[in-house]
Amino acid sequence: MPPRNDRRMGSGAVPRLVTLAASSDSGRNDPASGASAVIEHDPRTDSSDIAARIFAFARFVRASGLPIGISENVDAARVAEICGVTDRERLRWGLRSLFCKTRDDFERFDELFDRFWSTDEAKTKVAVIEGRGRGVRGAVTDRDAGGTAVNEATDGLAAGSGTTQSGASTREGIARQDFRHFTQEEELHALAALVERLAMRIRRRAMHRLEISKSGKRLDFRTTIRRSLPYGGVPLKPAFRLHKRRQTTLVLLLDVSGSMNLYSMLFLRFARAITRAFDRVEVFLFHTSLVRITEALAEHSIDRMKQSMEVISAGWAGGTRIGASIAELNERYAARVLSGQPIVIIVSDGLDTGPPAQLTQELRELRRRARRLVWLNPLLGRKGYAPTAKGMSAALPYLDAFLPAHNLASLEALEPYLVSL
Amino acid sequence: MQDLAEIQARFEAAGYITEHGLALAVGLADELRRPLLIEGEAGVGKTAVAKAMADAFGRVLIRLQCYEGLDINSAVYEWNYQRQLMTIKLYENEHHSPQEVQHEIFSEEYLLKRPLLRAICMSEAPVLLIDEIDRADEEFEAYLLEVLSDYQISVPELGTITAISKPCVILTSNATRELSDALRRRCLYYYLPFPSYEKELRIVTIRVPEVSRKLACQVVSFVQSLRTQDLRKKPGIAETLDWTAALLGLRISSLDDDAEKVAQSLMCLLKTRQDQMAADAETVQRLIAQSVAAADASAQ
């Protein structure tokens with residue numbers, strides 16, 4: 001690589017860029033990168049055009065969902081200056097480090113970069129960028145100098161403000177949309193990520209609350225005085241009394257019958273992310289019988305967790321037997337799991353094929369041991385649904401809360417039931 | 001900014017092989033004085049980047065290891081209470097006004113500087129490594145954000161201390177916890193993947209110079225294919241180096257020499273019981289045969 005001393009920081013950004021653009025031919029002989037010039041040199045190209053392209057690229061990347069703020073925009077010009085705009089690979093690496101904030105961003109960036117600059121290169125006069133299938137048209141004309149170019153670039157490239165607005169409303173839409181409407185693989189992927197983020201937020205608040213309640217710290221005067229004796233009465237080692245924190249266990253019962261699979265899986269990811277706010281989380285799957293999968297939840301990789309869960313629930317057929325499953329919980333796991341008044345959450349559509357009498361009896365038993373018994377029913381979010389199924393209506397009197405869990409908004413509404421007990 | 005090739009050469013002299021992208025990210029972090037957040041699996045050499053950077057740029061390395069419950073007292077500063085108490089005792093018999101005593105005991109002399117404050121007070125910009133930031137609590141992360149944006153720390157009794165020279169900050173994360181968006185936005189970012197075959201081979205030959213080229217090729221090829229297996233903890237670069245050294249110690253010159261010894265030495269690479277069970281004799285034999293063949297092919 002030839003020495004790049006000439007690329008060192010100059011004081012004025014704009015004139016610097018001009019010289020770089022003018023010397024693009026020498027920069028292209030770079031053997032290490034073998035890159036072609038990002039910006040075709042055109043004698044008529046104004047220096048602000050280059051700054052505008054970088055700026056337009058930032059808008060484009062931002063419209064694709066990367067979090068680009070003002071400081072990134074400011075630094076982008078400096079990065080371009082430091083890396084030199086004539087060496088495509090250097091510019092790519094530099095902007096990648098600046099614009100990307102997560103691994104996902106990092107892996108997506110190359111494609112965005114290629115898409116933007118190759119279109120830009122192929123048509124120096126008019127750059128057409130396919131933005132999210134809407135084919136937004138963007139024009140950067142080389143005759144327009146300064147402000148006009150910037151304006152047109154911003155107007156055209158993925159229509160900045162328009163996208164932001166529709167982005168916000170889409171987000172609103174996603175929060176209210178029933179999980180079952182998400183069918184594409186990548187949609188589910190994104191949804192799962194959203195669910196986890198939501199759980200993380202709730203957990204953060206929950207833990208914060210624990211911190212404050214923990215600060216019921218009281219000086220233990222007696223011990224403090226006793227301990228100060230070796231130091232001539234100076235209380236060097238004060239002693240404190242702590243309020244003993246109540247241990248909280250969360251017990252999850254997830255229905256994995258065909259109709260519930262999607263909801264249970266998403267809720268499980270929610271639960272998994274929220275785990276740290278509790279001292280212990282116990283998870284059971286049920287369908288026709290009950291299986292404890294607490295260990296599977298500790299799996300590091302989501303895919304592996306999913307796999308082991310699919311193995312567990314495979315081969316189950318016939319109707320859902322909620323009553324019998326809860327009976328199994330009460331009998332086999334009561335001592336280990338239900339001690340210490342846990343919060344119990346049941347996620348099921350309540351379509352029980354067992355006798356309602358059994359369900360009521362077992363729920364009464366469970367209610368006695370639980371601090372709080374919450375039933376989440378995704379059907380509750382659908383229009384015209386009433387809990388009239390035999391099992392469901394029999395269960396209602398024993399529940400502390402009967403809530404929907406069919407979209408992100410309803411998961412968020414769960415917070416008061418999970419914290420501040 | 002220094003020339004890219006120059007940075008890479010200096011890093012190599014410090015025993016660290018970098019890709020162009022990482023070298024550029026380090027150069028930018030130095031130039032823009034924005035912190036650089038490096039993520040990647042355990043054992044890909046995230047921490048080593050900071051060490052190499054300090055060596056390569058001739059700077060002091062200050063390291064702050066994060067852990068759950070890390071607080072301001074152990075990360076930023078603490079008053080030297082014992083010394084303060086002693087001073088009070090000593091002053092008791094002399095005639096000093098309380099103000100004088102107070103002024104004395106809350107002077108910089110009684111301040112114990114912990115890594116963050118130390119990094120800010122250096123006259124020459126150091127490299128500040130904030131290791132495994134994901135392990136620290138959210139509150140600490142928020143505090144750190146404040147320090148990293150202004151490069152100043154306020155000590156209530158003493159006033160605000162502003163950085164004499166802004167340190168180059170490198171943060172590493174294993175993604176055990178999601179970092180806040182605010183912190184991410186503050187930083188430059190680099191995702192460090194497991195090294196490519198060529199890169200790892202260079203690392204092995206540089207760090208374990210006494211290894212023969214043939215064995216090095218076999219070892220690297222074996223580890224690379226082991227990483228594609230379904231393992232809980234994939235072996236990192238440190239494990240590769242350990243294993244190479246172990247094989248040398250066992251006087252093995254080729255992986256197909258002594259199957260039993262090689263299989264036993266795998267304890268250097270597989271660190272959980274499940275992984276050791278997953279890599280049964282048959283799989284290991286297959287991988288060894290593959291890597292021996294691959295090494296032969298590349299030698300020709």
# chains A, B, ... in the order shown; residues from 1 in each chain; ligands from 1
call {"tool": "residues_around", "arguments": {"residues": "Val44 of chain B", "least_positions_apart": "6", "cutoff": "12 Å", "atoms": "only C-alpha atoms", "output": "list in words"}}
result
Tyr16, Ile17, Thr18, Ile38, Thr172, Ser173, Asn174, Tyr191, Leu192, Pro193, Phe194, Pro195, Ser196, Lys199, Glu200, Ile203, Lys234, Pro235, Gly236, Ile237, Ala238, Glu239, Thr240 and Leu241 of chain B
call {"tool": "closest_atom_pairs", "arguments": {"of": "chain B", "to": "chain A", "cutoff": "7 Å", "atoms": "only C-alpha atoms", "output": "JSON lines"}}
result
{"residue": "B:Met1", "atom": "CA", "partner": "A:Arg8", "partner_atom": "CA", "distance": 5.8}
{"residue": "B:Asp3", "atom": "CA", "partner": "A:Arg4", "partner_atom": "CA", "distance": 5.9}
{"residue": "B:Ala5", "atom": "CA", "partner": "A:Met1", "partner_atom": "CA", "distance": 6.8}
{"residue": "B:Gly21", "atom": "CA", "partner": "A:Trp93", "partner_atom": "CA", "distance": 5.2}
{"residue": "B:Leu24", "atom": "CA", "partner": "A:Gly94", "partner_atom": "CA", "distance": 6.5}
{"residue": "B:Ala25", "atom": "CA", "partner": "A:Ser97", "partner_atom": "CA", "distance": 6.1}
{"residue": "B:Arg184", "atom": "CA", "partner": "A:Lys101", "partner_atom": "CA", "distance": 5.5}
{"residue": "B:Arg185", "atom": "CA", "partner": "A:Lys101", "partner_atom": "CA", "distance": 6.5}
{"residue": "B:Leu188", "atom": "CA", "partner": "A:Leu98", "partner_atom": "CA", "distance": 4.9}
{"residue": "B:Tyr189", "atom": "CA", "partner": "A:Ser97", "partner_atom": "CA", "distance": 4.7}
{"residue": "B:Tyr190", "atom": "CA", "partner": "A:Ser97", "partner_atom": "CA", "distance": 5.8}
{"residue": "B:Tyr191", "atom": "CA", "partner": "A:Arg103", "partner_atom": "CA", "distance": 6.0}
call {"tool": "select_by_dssp", "arguments": {"residues": "segment 12-221 of chain B", "states": "strand (DSSP E)", "output": "PyMOL selection string"}}
result
chain B and resi 36-39+61-65+77-79+111-113+127-131+152-155+159-162+168-173+188-191
call {"tool": "residues_around", "arguments": {"residues": "Cys187 of chain B", "least_positions_apart": "3", "cutoff": "6 Å", "atoms": "only C-alpha atoms", "output": "PyMOL selection string"}}
result
chain B and resi 34-37+184
